[in-house]
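Colleague: Take a look at my_file-v3.pdb, PDB, C-alpha atoms:
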ATOM      1  CA  MET A   1      63.980-106.385 -29.147
ATOM      2  CA  ARG A   2      61.305-108.828 -27.952
ATOM      3  CA  LYS A   3      63.936-110.798 -26.008
ATOM      4  CA  ILE A   4      65.211-107.592 -24.366
ATOM      5  CA  ALA A   5      61.652-106.552 -23.471
ATOM      6  CA  ALA A   6      60.893-109.971 -22.036
ATOM      7  CA  LEU A   7      64.094-109.866 -19.972
ATOM      8  CA  ALA A   8      63.203-106.413 -18.663
ATOM      9  CA  GLY A   9      59.789-107.685 -17.688
ATOM     10  CA  ALA A  10      61.298-110.592 -15.799
ATOM     11  CA  VAL A  11      63.745-108.321 -13.964
ATOM     12  CA  PHE A  12      61.314-105.573 -12.998
ATOM     13  CA  GLY A  13      58.278-107.779 -12.408
ATOM     14  CA  PHE A  14      55.887-106.617 -15.128
ATOM     15  CA  SER A  15      54.426-108.562 -18.060
ATOM     16  CA  VAL A  16      55.161-107.616 -21.614
ATOM     17  CA  LEU A  17      52.580-108.368 -24.275
ATOM     18  CA  ALA A  18      53.776-108.779 -27.808
ATOM     19  CA  SER A  19      52.181-106.391 -30.286
ATOM     20  CA  PRO A  20      49.825-107.776 -32.977
ATOM     21  CA  LEU A  21      52.500-107.026 -35.566
ATOM     22  CA  ALA A  22      55.060-109.026 -33.613
ATOM     23  CA  LEU A  23      52.642-111.916 -33.201
ATOM     24  CA  ALA A  24      51.910-111.863 -36.935
ATOM     25  CA  ALA A  25      55.615-111.931 -37.792
ATOM     26  CA  ASP A  26      56.065-115.198 -35.894
ATOM     27  CA  TYR A  27      52.712-116.725 -36.875
ATOM     28  CA  PRO A  28      52.039-119.598 -36.726
ATOM     29  CA  THR A  29      54.017-121.112 -33.862
ATOM     30  CA  ARG A  30      51.501-123.792 -32.861
ATOM     31  CA  PRO A  31      48.634-125.843 -34.368
ATOM     32  CA  ILE A  32      45.655-124.111 -35.959
ATOM     33  CA  THR A  33      42.106-125.413 -35.450
ATOM     34  CA  LEU A  34      39.756-125.343 -38.455
ATOM     35  CA  ILE A  35      36.121-125.660 -37.330
ATOM     36  CA  HIS A  36      33.105-126.535 -39.464
ATOM     37  CA  GLY A  37      29.486-127.004 -38.441
ATOM     38  CA  PHE A  38      28.506-130.346 -39.912
ATOM     39  CA  ALA A  39      28.929-134.072 -39.283
ATOM     40  CA  ALA A  40      32.149-135.948 -39.900
ATOM     41  CA  GLY A  41      32.285-137.473 -43.371
ATOM     42  CA  GLY A  42      30.020-134.879 -44.981
ATOM     43  CA  THR A  43      30.816-132.357 -47.684
ATOM     44  CA  ALA A  44      32.009-129.610 -45.310
ATOM     45  CA  ASP A  45      34.226-132.111 -43.512
ATOM     46  CA  ALA A  46      35.733-133.331 -46.784
ATOM     47  CA  ILE A  47      36.435-129.793 -48.019
ATOM     48  CA  SER A  48      37.960-128.841 -44.664
ATOM     49  CA  ARG A  49      40.349-131.785 -44.692
ATOM     50  CA  LEU A  50      41.335-131.284 -48.314
ATOM     51  CA  VAL A  51      42.258-127.656 -47.565
ATOM     52  CA  ALA A  52      43.800-128.317 -44.138
ATOM     53  CA  GLN A  53      46.382-130.835 -45.296
ATOM     54  CA  PRO A  54      48.236-128.595 -47.793
ATOM     55  CA  MET A  55      47.824-125.561 -45.524
ATOM     56  CA  SER A  56      49.629-127.522 -42.797
ATOM     57  CA  GLU A  57      52.549-128.083 -45.158
ATOM     58  CA  ILE A  58      52.625-124.463 -46.306
ATOM     59  CA  LEU A  59      52.340-122.930 -42.823
ATOM     60  CA  LYS A  60      54.583-125.602 -41.245
ATOM     61  CA  GLN A  61      52.107-126.176 -38.418
ATOM     62  CA  PRO A  62      49.268-128.713 -38.145
ATOM     63  CA  VAL A  63      45.822-127.502 -39.222
ATOM     64  CA  ILE A  64      43.437-129.664 -37.219
ATOM     65  CA  VAL A  65      39.844-130.110 -38.433
ATOM     66  CA  GLU A  66      37.161-130.069 -35.737
ATOM     67  CA  GLN A  67      33.401-130.609 -36.115
ATOM     68  CA  ARG A  68      30.869-128.519 -34.179
ATOM     69  CA  PRO A  69      27.596-129.673 -35.762
ATOM     70  CA  GLY A  70      24.210-128.190 -34.983
ATOM     71  CA  ALA A  71      21.879-125.291 -35.826
ATOM     72  CA  GLY A  72      22.717-125.425 -39.528
ATOM     73  CA  GLY A  73      26.349-124.547 -38.931
ATOM     74  CA  ASN A  74      25.658-121.784 -36.408
ATOM     75  CA  ASN A  75      27.279-123.651 -33.519
ATOM     76  CA  ALA A  76      30.563-123.609 -35.397
ATOM     77  CA  SER A  77      30.198-119.975 -36.430
ATOM     78  CA  ARG A  78      29.538-118.957 -32.823
ATOM     79  CA  THR A  79      32.626-120.859 -31.680
ATOM     80  CA  VAL A  80      34.778-119.047 -34.231
ATOM     81  CA  ALA A  81      33.204-115.640 -33.521
ATOM     82  CA  THR A  82      33.986-115.912 -29.794
ATOM     83  CA  ALA A  83      37.494-117.368 -30.154
ATOM     84  CA  ALA A  84      40.653-115.372 -29.522
ATOM     85  CA  PRO A  85      41.481-113.291 -32.633
ATOM     86  CA  ASP A  86      44.991-114.692 -32.926
ATOM     87  CA  GLY A  87      44.744-116.845 -36.051
ATOM     88  CA  TYR A  88      44.716-120.164 -34.193
ATOM     89  CA  THR A  89      40.968-120.712 -34.584
ATOM     90  CA  ILE A  90      39.459-120.392 -38.043
ATOM     91  CA  GLY A  91      36.252-121.688 -39.592
ATOM     92  CA  LEU A  92      34.768-123.032 -42.794
ATOM     93  CA  PRO A  93      31.333-121.453 -43.387
ATOM     94  CA  THR A  94      29.063-122.631 -46.208
ATOM     95  CA  GLY A  95      26.159-121.027 -48.057
ATOM     96  CA  GLY A  96      23.810-121.564 -45.125
ATOM     97  CA  HIS A  97      25.877-119.118 -43.072
ATOM     98  CA  ALA A  98      24.530-116.210 -45.136
ATOM     99  CA  VAL A  99      20.991-117.624 -44.937
ATOM    100  CA  SER A 100      21.137-117.454 -41.120
ATOM    101  CA  ALA A 101      20.968-113.667 -41.253
ATOM    102  CA  GLY A 102      17.295-113.806 -42.218
ATOM    103  CA  LEU A 103      16.274-117.247 -40.984
ATOM    104  CA  TYR A 104      16.850-116.762 -37.262
ATOM    105  CA  LYS A 105      15.183-114.239 -34.965
ATOM    106  CA  SER A 106      18.495-113.627 -33.265
ATOM    107  CA  LEU A 107      22.048-114.886 -33.584
ATOM    108  CA  PRO A 108      24.967-114.775 -31.148
ATOM    109  CA  PHE A 109      27.047-113.320 -33.957
ATOM    110  CA  HIS A 110      26.686-111.169 -37.068
ATOM    111  CA  PRO A 111      27.217-113.240 -40.260
ATOM    112  CA  VAL A 112      29.527-110.563 -41.703
ATOM    113  CA  ASP A 113      30.669-108.166 -38.992
ATOM    114  CA  SER A 114      31.710-110.799 -36.418
ATOM    115  CA  PHE A 115      34.389-112.218 -38.703
ATOM    116  CA  GLU A 116      37.472-111.450 -40.740
ATOM    117  CA  MET A 117      36.987-113.191 -44.073
ATOM    118  CA  ILE A 118      40.000-115.101 -45.402
ATOM    119  CA  SER A 119      39.062-116.515 -48.810
ATOM    120  CA  THR A 120      36.357-118.345 -50.700
ATOM    121  CA  VAL A 121      37.200-121.949 -51.574
ATOM    122  CA  VAL A 122      34.544-123.307 -53.939
ATOM    123  CA  TYR A 123      31.164-122.542 -55.501
ATOM    124  CA  TYR A 124      28.675-125.193 -56.592
ATOM    125  CA  ALA A 125      25.215-125.288 -58.140
ATOM    126  CA  PHE A 126      21.809-126.816 -57.609
ATOM    127  CA  ALA A 127      19.768-128.727 -60.178
ATOM    128  CA  ILE A 128      16.026-128.881 -60.745
ATOM    129  CA  ALA A 129      15.130-132.514 -61.405
ATOM    130  CA  VAL A 130      11.939-134.525 -62.015
ATOM    131  CA  LYS A 131      10.930-138.123 -62.625
ATOM    132  CA  PRO A 132      11.308-139.348 -66.242
ATOM    133  CA  ASP A 133       7.531-139.317 -66.854
ATOM    134  CA  PHE A 134       7.052-135.708 -65.730
ATOM    135  CA  PRO A 135       5.215-133.786 -68.509
ATOM    136  CA  ALA A 136       7.862-131.036 -68.811
ATOM    137  CA  ASN A 137      11.213-131.744 -70.469
ATOM    138  CA  ASP A 138      12.871-128.378 -69.932
ATOM    139  CA  MET A 139      12.727-125.411 -67.595
ATOM    140  CA  LYS A 140      10.571-123.276 -69.845
ATOM    141  CA  ALA A 141       7.967-126.043 -70.054
ATOM    142  CA  LEU A 142       8.078-126.545 -66.273
ATOM    143  CA  LEU A 143       7.387-122.863 -65.637
ATOM    144  CA  ALA A 144       4.553-122.886 -68.181
ATOM    145  CA  TYR A 145       3.070-125.962 -66.488
ATOM    146  CA  ALA A 146       3.376-124.301 -63.061
ATOM    147  CA  LYS A 147       1.650-121.145 -64.304
ATOM    148  CA  ALA A 148      -1.182-123.220 -65.761
ATOM    149  CA  ASN A 149      -1.541-125.118 -62.482
ATOM    150  CA  PRO A 150      -0.950-122.535 -59.726
ATOM    151  CA  GLY A 151      -0.429-124.027 -56.293
ATOM    152  CA  LYS A 152      -0.715-127.615 -57.527
ATOM    153  CA  LEU A 153       2.974-128.463 -57.902
ATOM    154  CA  ASP A 154       5.190-129.562 -55.019
ATOM    155  CA  TYR A 155       8.951-129.408 -54.867
ATOM    156  CA  GLY A 156      11.163-131.037 -52.270
ATOM    157  CA  SER A 157      14.361-129.833 -50.647
ATOM    158  CA  ALA A 158      16.826-130.709 -47.913
ATOM    159  CA  GLY A 159      14.773-128.803 -45.333
ATOM    160  CA  VAL A 160      13.132-125.544 -44.300
ATOM    161  CA  GLY A 161      15.548-122.650 -44.680
ATOM    162  CA  SER A 162      18.100-124.676 -46.618
ATOM    163  CA  THR A 163      19.646-122.943 -49.604
ATOM    164  CA  HIS A 164      17.868-125.589 -51.726
ATOM    165  CA  HIS A 165      14.519-124.417 -50.303
ATOM    166  CA  LEU A 166      15.287-120.741 -50.780
ATOM    167  CA  THR A 167      16.399-121.372 -54.361
ATOM    168  CA  GLY A 168      12.900-122.676 -55.026
ATOM    169  CA  GLU A 169      11.345-119.608 -53.399
ATOM    170  CA  LEU A 170      13.567-117.258 -55.387
ATOM    171  CA  LEU A 171      12.729-119.132 -58.584
ATOM    172  CA  ALA A 172       9.016-118.793 -57.852
ATOM    173  CA  SER A 173       9.377-115.069 -57.190
ATOM    174  CA  VAL A 174      11.391-114.356 -60.325
ATOM    175  CA  ALA A 175       9.285-116.574 -62.611
ATOM    176  CA  GLY A 176       5.925-115.549 -61.167
ATOM    177  CA  ILE A 177       4.765-119.057 -60.262
ATOM    178  CA  GLN A 178       3.148-120.610 -57.200
ATOM    179  CA  TRP A 179       4.306-123.988 -55.964
ATOM    180  CA  ASN A 180       4.525-125.705 -52.612
ATOM    181  CA  HIS A 181       7.646-126.513 -50.666
ATOM    182  CA  VAL A 182       7.905-129.987 -49.109
ATOM    183  CA  PRO A 183      10.801-130.129 -46.631
ATOM    184  CA  TYR A 184      12.754-133.330 -45.999
ATOM    185  CA  ARG A 185      15.488-134.146 -43.531
ATOM    186  CA  GLY A 186      18.349-133.902 -45.994
ATOM    187  CA  GLU A 187      18.850-134.533 -49.695
ATOM    188  CA  ALA A 188      18.793-138.331 -49.407
ATOM    189  CA  ALA A 189      15.288-138.279 -47.938
ATOM    190  CA  ALA A 190      14.117-135.856 -50.637
ATOM    191  CA  PHE A 191      15.435-138.177 -53.350
ATOM    192  CA  THR A 192      13.517-141.049 -51.764
ATOM    193  CA  GLY A 193      10.359-138.948 -51.901
ATOM    194  CA  LEU A 194      10.908-138.163 -55.574
ATOM    195  CA  LEU A 195      11.790-141.686 -56.662
ATOM    196  CA  SER A 196       8.888-143.215 -54.705
ATOM    197  CA  GLY A 197       6.412-140.931 -56.433
ATOM    198  CA  ASP A 198       5.513-138.811 -53.409
ATOM    199  CA  LEU A 199       7.118-135.766 -54.994
ATOM    200  CA  PRO A 200       7.250-134.549 -58.622
ATOM    201  CA  ILE A 201      10.201-132.110 -58.379
ATOM    202  CA  ILE A 202      13.384-131.828 -56.359
ATOM    203  CA  ILE A 203      15.963-129.089 -55.958
ATOM    204  CA  ALA A 204      19.273-130.645 -54.958
ATOM    205  CA  THR A 205      22.980-130.099 -55.442
ATOM    206  CA  ALA A 206      23.946-130.911 -59.015
ATOM    207  CA  VAL A 207      26.581-133.427 -57.955
ATOM    208  CA  THR A 208      23.950-135.537 -56.146
ATOM    209  CA  VAL A 209      21.573-135.388 -59.121
ATOM    210  CA  GLN A 210      24.271-136.534 -61.561
ATOM    211  CA  PRO A 211      24.326-140.282 -60.714
ATOM    212  CA  GLN A 212      20.519-140.468 -60.658
ATOM    213  CA  LEU A 213      20.447-138.820 -64.075
ATOM    214  CA  ALA A 214      23.065-141.228 -65.421
ATOM    215  CA  SER A 215      21.032-144.219 -64.215
ATOM    216  CA  GLY A 216      17.873-142.916 -65.882
ATOM    217  CA  LYS A 217      15.966-142.618 -62.600
ATOM    218  CA  LEU A 218      15.244-138.942 -63.165
ATOM    219  CA  LYS A 219      15.728-136.140 -65.646
ATOM    220  CA  ALA A 220      17.417-132.852 -64.898
ATOM    221  CA  LEU A 221      15.730-129.787 -66.371
ATOM    222  CA  ALA A 222      18.309-127.138 -65.484
ATOM    223  CA  VAL A 223      21.151-126.119 -63.197
ATOM    224  CA  THR A 224      21.131-122.857 -61.266
ATOM    225  CA  SER A 225      24.708-121.703 -61.932
ATOM    226  CA  PRO A 226      25.550-119.187 -64.678
ATOM    227  CA  THR A 227      27.442-121.878 -66.598
ATOM    228  CA  ARG A 228      26.653-125.535 -67.196
ATOM    229  CA  PHE A 229      27.785-128.172 -64.731
ATOM    230  CA  ARG A 230      30.631-130.160 -66.261
ATOM    231  CA  GLY A 231      29.164-133.402 -64.905
ATOM    232  CA  MET A 232      25.937-132.837 -66.872
ATOM    233  CA  PRO A 233      27.034-130.902 -69.973
ATOM    234  CA  ASN A 234      23.746-131.469 -71.801
ATOM    235  CA  VAL A 235      21.669-129.896 -69.043
ATOM    236  CA  PRO A 236      21.171-126.155 -69.651
ATOM    237  CA  THR A 237      21.242-123.443 -67.017
ATOM    238  CA  VAL A 238      18.078-121.758 -65.765
ATOM    239  CA  ALA A 239      19.473-118.518 -67.184
ATOM    240  CA  GLU A 240      19.942-119.780 -70.716
ATOM    241  CA  SER A 241      16.738-121.800 -70.881
ATOM    242  CA  ALA A 242      14.154-119.659 -69.115
ATOM    243  CA  LEU A 243      15.230-116.792 -66.838
ATOM    244  CA  PRO A 244      18.180-114.695 -68.071
ATOM    245  CA  GLY A 245      20.514-113.626 -65.277
ATOM    246  CA  PHE A 246      19.367-116.270 -62.789
ATOM    247  CA  ASP A 247      22.373-117.332 -60.720
ATOM    248  CA  VAL A 248      22.213-119.308 -57.478
ATOM    249  CA  ARG A 249      25.177-121.205 -56.103
ATOM    250  CA  THR A 250      26.144-122.326 -52.681
ATOM    251  CA  TRP A 251      29.731-122.021 -51.506
ATOM    252  CA  ALA A 252      32.376-122.708 -48.893
ATOM    253  CA  GLY A 253      35.139-120.427 -47.633
ATOM    254  CA  LEU A 254      37.324-119.665 -44.646
ATOM    255  CA  PHE A 255      37.034-116.994 -41.970
ATOM    256  CA  ALA A 256      38.545-115.977 -38.621
ATOM    257  CA  PRO A 257      37.304-114.068 -35.560
ATOM    258  CA  LYS A 258      36.827-110.311 -35.861
ATOM    259  CA  GLY A 259      39.980-108.476 -34.913
ATOM    260  CA  THR A 260      42.433-111.059 -36.182
ATOM    261  CA  PRO A 261      45.427-109.008 -37.366
ATOM    262  CA  ARG A 262      45.510-108.209 -41.058
ATOM    263  CA  GLU A 263      49.006-109.676 -41.384
ATOM    264  CA  ILE A 264      47.742-113.033 -40.098
ATOM    265  CA  ILE A 265      44.701-112.951 -42.377
ATOM    266  CA  MET A 266      46.970-112.374 -45.358
ATOM    267  CA  LYS A 267      49.267-115.238 -44.338
ATOM    268  CA  LEU A 268      46.234-117.507 -44.165
ATOM    269  CA  ASN A 269      44.927-116.159 -47.465
ATOM    270  CA  GLY A 270      48.269-116.896 -49.126
ATOM    271  CA  ALA A 271      48.253-120.429 -47.742
ATOM    272  CA  VAL A 272      44.719-121.020 -49.061
ATOM    273  CA  GLN A 273      45.625-119.741 -52.530
ATOM    274  CA  GLN A 274      48.677-121.996 -52.658
ATOM    275  CA  ALA A 275      46.642-124.973 -51.459
ATOM    276  CA  LEU A 276      43.897-124.443 -54.045
ATOM    277  CA  ALA A 277      46.498-124.058 -56.797
ATOM    278  CA  ARG A 278      47.608-127.651 -56.279
ATOM    279  CA  PRO A 279      45.967-129.687 -59.082
ATOM    280  CA  GLU A 280      45.221-132.664 -56.848
ATOM    281  CA  VAL A 281      43.466-130.465 -54.280
ATOM    282  CA  LYS A 282      41.475-128.505 -56.856
ATOM    283  CA  THR A 283      40.401-131.627 -58.730
ATOM    284  CA  ARG A 284      39.318-133.527 -55.623
ATOM    285  CA  ILE A 285      37.258-130.646 -54.196
ATOM    286  CA  GLU A 286      35.551-130.132 -57.544
ATOM    287  CA  GLU A 287      34.779-133.856 -57.766
ATOM    288  CA  ILE A 288      33.210-133.891 -54.304
ATOM    289  CA  VAL A 289      30.914-130.881 -54.749
ATOM    290  CA  GLY A 290      30.598-130.733 -58.517
ATOM    291  CA  GLY A 291      31.643-127.110 -58.485
ATOM    292  CA  ASP A 292      34.388-124.663 -59.293
ATOM    293  CA  VAL A 293      37.282-124.008 -56.931
ATOM    294  CA  GLN A 294      37.744-120.259 -56.659
ATOM    295  CA  GLY A 295      39.849-118.453 -54.092
ATOM    296  CA  SER A 296      39.444-114.751 -53.403
ATOM    297  CA  THR A 297      40.740-111.775 -51.476
ATOM    298  CA  PRO A 298      39.317-111.236 -47.982
ATOM    299  CA  GLU A 299      37.516-108.149 -49.283
ATOM    300  CA  ALA A 300      35.862-110.037 -52.156
ATOM    301  CA  MET A 301      34.632-112.740 -49.789
ATOM    302  CA  LYS A 302      33.201-110.154 -47.396
ATOM    303  CA  THR A 303      31.330-108.479 -50.246
ATOM    304  CA  MET A 304      29.968-111.843 -51.409
ATOM    305  CA  VAL A 305      28.782-112.945 -47.960
ATOM    306  CA  ALA A 306      27.108-109.569 -47.325
ATOM    307  CA  SER A 307      25.377-109.746 -50.706
ATOM    308  CA  GLU A 308      24.192-113.311 -50.099
ATOM    309  CA  ALA A 309      22.903-112.425 -46.618
ATOM    310  CA  ALA A 310      20.917-109.506 -48.036
ATOM    311  CA  ARG A 311      19.498-111.600 -50.877
ATOM    312  CA  TRP A 312      18.333-114.505 -48.714
ATOM    313  CA  THR A 313      16.918-112.212 -46.033
ATOM    314  CA  ASP A 314      14.781-110.592 -48.736
ATOM    315  CA  VAL A 315      13.661-113.981 -50.089
ATOM    316  CA  ILE A 316      12.724-115.186 -46.590
ATOM    317  CA  LYS A 317      10.648-112.062 -45.940
ATOM    318  CA  LYS A 318       8.849-112.178 -49.290
ATOM    319  CA  ALA A 319       8.087-115.899 -48.948
ATOM    320  CA  ASN A 320       6.817-115.393 -45.361
ATOM    321  CA  ILE A 321       9.091-118.124 -44.051
ATOM    322  CA  PRO A 322       8.785-118.114 -40.242
ATOM    323  CA  GLN A 323      11.984-117.173 -38.466
ATOM    324  CA  GLN A 324      13.458-119.793 -36.186
ATOM    325  CA  GLU A 325      14.391-119.295 -32.558
TER     326      GLU A 325
END
Output the structure of this file as structure tokens.
Modeller:
Amino acid sequence: MRKIAALAGAVFGFSVLASPLALAADYPTRPITLIHGFAAGGTADAISRLVAQPMSEILKQPVIVEQRPGAGGNNASRTVATAAPDGYTIGLPTGGHAVSAGLYKSLPFHPVDSFEMISTVVYYAFAIAVKPDFPANDMKALLAYAKANPGKLDYGSAGVGSTHHLTGELLASVAGIQWNHVPYRGEAAAFTGLLSGDLPIIIATAVTVQPQLASGKLKALAVTSPTRFRGMPNVPTVAESALPGFDVRTWAGLFAPKGTPREIIMKLNGAVQQALARPEVKTRIEEIVGGDVQGSTPEAMKTMVASEAARWTDVIKKANIPQQE
């Protein structure tokens, strides 16, 4: 029928646009671009490439990874939000995408409503770590020390508005403590501050704490996920050691522009699920981030992102964190 319609258009001089359903039936017929918002060689880049390669095989078209760094991932999100909703431009948002809802005065997109969610990819936790000579040896003792010394403890993170920073603010709110945030330009700089003695506490991704723990350069008091991190099985969770129900993880997933046909979203979702089911892909992603690979339905991802955006917006308001331009 499409060939007949195209022929009729050629004969009578009018253009014929294929319906979304027809486009979805043929999809994909050309390369797909997968955009993330961070530097080449980083965690987001590694996850993107590990997912893109098997998706290329499954969809029988190249999935090309492209970096659009800047504004904490917002440059990439804006690019995806304004792309044609045809399935040929997709993105890999991370936990900071949901934070943007409350951190910025205005955004050129809505963190939930400007996108069609495809699937989550992985979740991973943070760890609260201190130098070996710090007086507290577990989370309960740290909170008791903080309560006895209000406003005298500093903790470092990867920067203002990072999920690391907001984890510390949420922890303070839930535990009823007062401590001071010291922002650094990334986790590596924060570790330098801790190890040099400028900083007593750090909140960092568990996978980056693991080698420092193994070398004896620091001690980890707890991880923020609901279950223990397999790389540090002797380190308890915040929930089991001090604050029942505490659960903070960052994440990565895939999304497409708003209006991308449902049939295309489901083809992409199926390709992601198949890719993540490959043992070599699952294992490598989990090694890189120290987390748990977990795909989802588009609906489940949308619910998660909306929930995370609401939570971090509330934390930002309560902590009086100035919104960025």
Colleague: In Å to one decimal, how far is CA of Glu240 (chain A) from CA of Asp133 (chain A)?
Modeller: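 Between these atoms lies a distance of 23.5 Å.
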Colleague: Would you kindly translate the PyMOL selection byres ((chain A and resi 176) around 10) into the concrete residues it picks from this file, as a ChimeraX atom specification?
Modeller: /A:143,146-147,150,170-175,177-178
Colleague: Tell me which residues the PyMOL selection byres ((chain A and resi 193-208) around 7) grabs here, as a PyMOL selection string.
Modeller: chain A and resi 125-131+154-157+164+187+189-192+209-211+223+289-290
Colleague: Choose the residue, out of A:Tyr184, A:Tyr104, A:Tyr145, A:Tyr123, that has the smallest atom-to-atom separation from Ala309 (chain A); count only C-alpha atoms.
Modeller: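 Closest to Ala309 (chain A), using only C-alpha atoms: A:Tyr104.
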Colleague: Just want the 9 Å neighbourhood of Leu166 (chain A), counted on all atoms listed in the file, with same-chain residues fewer than 2 positions away dropped. Output as a ChimeraX atom specification.
Modeller: /A:99,160-164,168-171,312,315-316,319
Colleague: So which residues get picked by the PyMOL selection byres ((chain A and resi 30-36) around 8) here, written as a PyMOL selection string?
Modeller: chain A and resi 28-29+37-38+44-45+48+52+61-69+73+76-77+80+87-93
Colleague: Which is closest to Gly95 (chain A) among A:Arg230, A:Arg49, A:Arg249, A:Arg78, if we use all atoms listed in the file?
Modeller: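 Comparing A:Arg230, A:Arg49, A:Arg249, A:Arg78 against Gly95 (chain A), the winner is A:Arg249.
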Colleague: CA of Ile264 (chain A) and CA of Tyr27 (chain A), how far apart in Å?
Modeller: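 Value for the CA of Tyr27 (chain A)-CA of Ile264 (chain A) distance: 7.0 Å.
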Colleague: Mind giving me the straight-line distance from CA of Asp86 (chain A) to CA of Trp251 (chain A) in Å, one decimal?
Modeller: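 Value for the CA of Asp86 (chain A)-CA of Trp251 (chain A) distance: 25.1 Å.
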Colleague: Tell me, as a PyMOL selection string, which residues lie within 12 Å of Glu280 (chain A), counting all atoms listed in the file; anything in the same chain fewer than 3 positions away does not count.
Modeller: chain A and resi 50-51+53-54+274-277+283-287+293
Colleague: Need the shell around Glu116 (chain A): protein/DNA/RNA residues with any atom at most 6 Å away, counting all atoms listed in the file. Skip same-chain ones fewer than 3 positions apart. Format as number ranges by chain?
Modeller: A: 255-258
Colleague: Taking all atoms listed in the file into account, name the residue in A:Asp292, A:Glu308, A:Glu57, A:Glu299 that is nearest to Val248 (chain A).
Modeller: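 Result for the nearest residue to Val248 (chain A): A:Glu308.
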Colleague: Only C-alpha atoms, as a PDB file, in the first residue's frame: that is what I want for region 115-141 of chain A.
Modeller:
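Everything below was put into selection39.pdb:
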ATOM      1  CA  PHE A 115      10.471  12.563  27.083  1.00  0.00           C
ATOM      2  CA  GLU A 116       9.224   9.073  26.369  1.00  0.00           C
ATOM      3  CA  MET A 117      11.023   6.798  28.810  1.00  0.00           C
ATOM      4  CA  ILE A 118      12.430   3.576  27.348  1.00  0.00           C
ATOM      5  CA  SER A 119      13.978   1.590  30.203  1.00  0.00           C
ATOM      6  CA  THR A 120      16.216   1.860  33.229  1.00  0.00           C
ATOM      7  CA  VAL A 121      19.641   0.260  32.810  1.00  0.00           C
ATOM      8  CA  VAL A 122      21.405   0.204  36.183  1.00  0.00           C
ATOM      9  CA  TYR A 123      21.189   1.454  39.766  1.00  0.00           C
ATOM     10  CA  TYR A 124      24.203   2.067  41.992  1.00  0.00           C
ATOM     11  CA  ALA A 125      24.848   3.288  45.524  1.00  0.00           C
ATOM     12  CA  PHE A 126      26.897   5.823  47.418  1.00  0.00           C
ATOM     13  CA  ALA A 127      29.111   5.140  50.427  1.00  0.00           C
ATOM     14  CA  ILE A 128      29.858   7.258  53.478  1.00  0.00           C
ATOM     15  CA  ALA A 129      33.588   6.992  54.153  1.00  0.00           C
ATOM     16  CA  VAL A 130      36.081   8.501  56.624  1.00  0.00           C
ATOM     17  CA  LYS A 131      39.795   8.354  57.349  1.00  0.00           C
ATOM     18  CA  PRO A 132      40.947   5.341  59.428  1.00  0.00           C
ATOM     19  CA  ASP A 133      41.517   7.470  62.556  1.00  0.00           C
ATOM     20  CA  PHE A 134      38.029   9.003  62.543  1.00  0.00           C
ATOM     21  CA  PRO A 135      36.426   8.448  65.994  1.00  0.00           C
ATOM     22  CA  ALA A 136      33.291   6.728  64.627  1.00  0.00           C
ATOM     23  CA  ASN A 137      33.458   3.169  63.288  1.00  0.00           C
ATOM     24  CA  ASP A 138      29.871   2.799  62.122  1.00  0.00           C
ATOM     25  CA  MET A 139      26.962   4.913  60.959  1.00  0.00           C
ATOM     26  CA  LYS A 140      25.199   4.981  64.299  1.00  0.00           C
ATOM     27  CA  ALA A 141      28.345   6.299  65.985  1.00  0.00           C
TER      28      ALA A 141
END
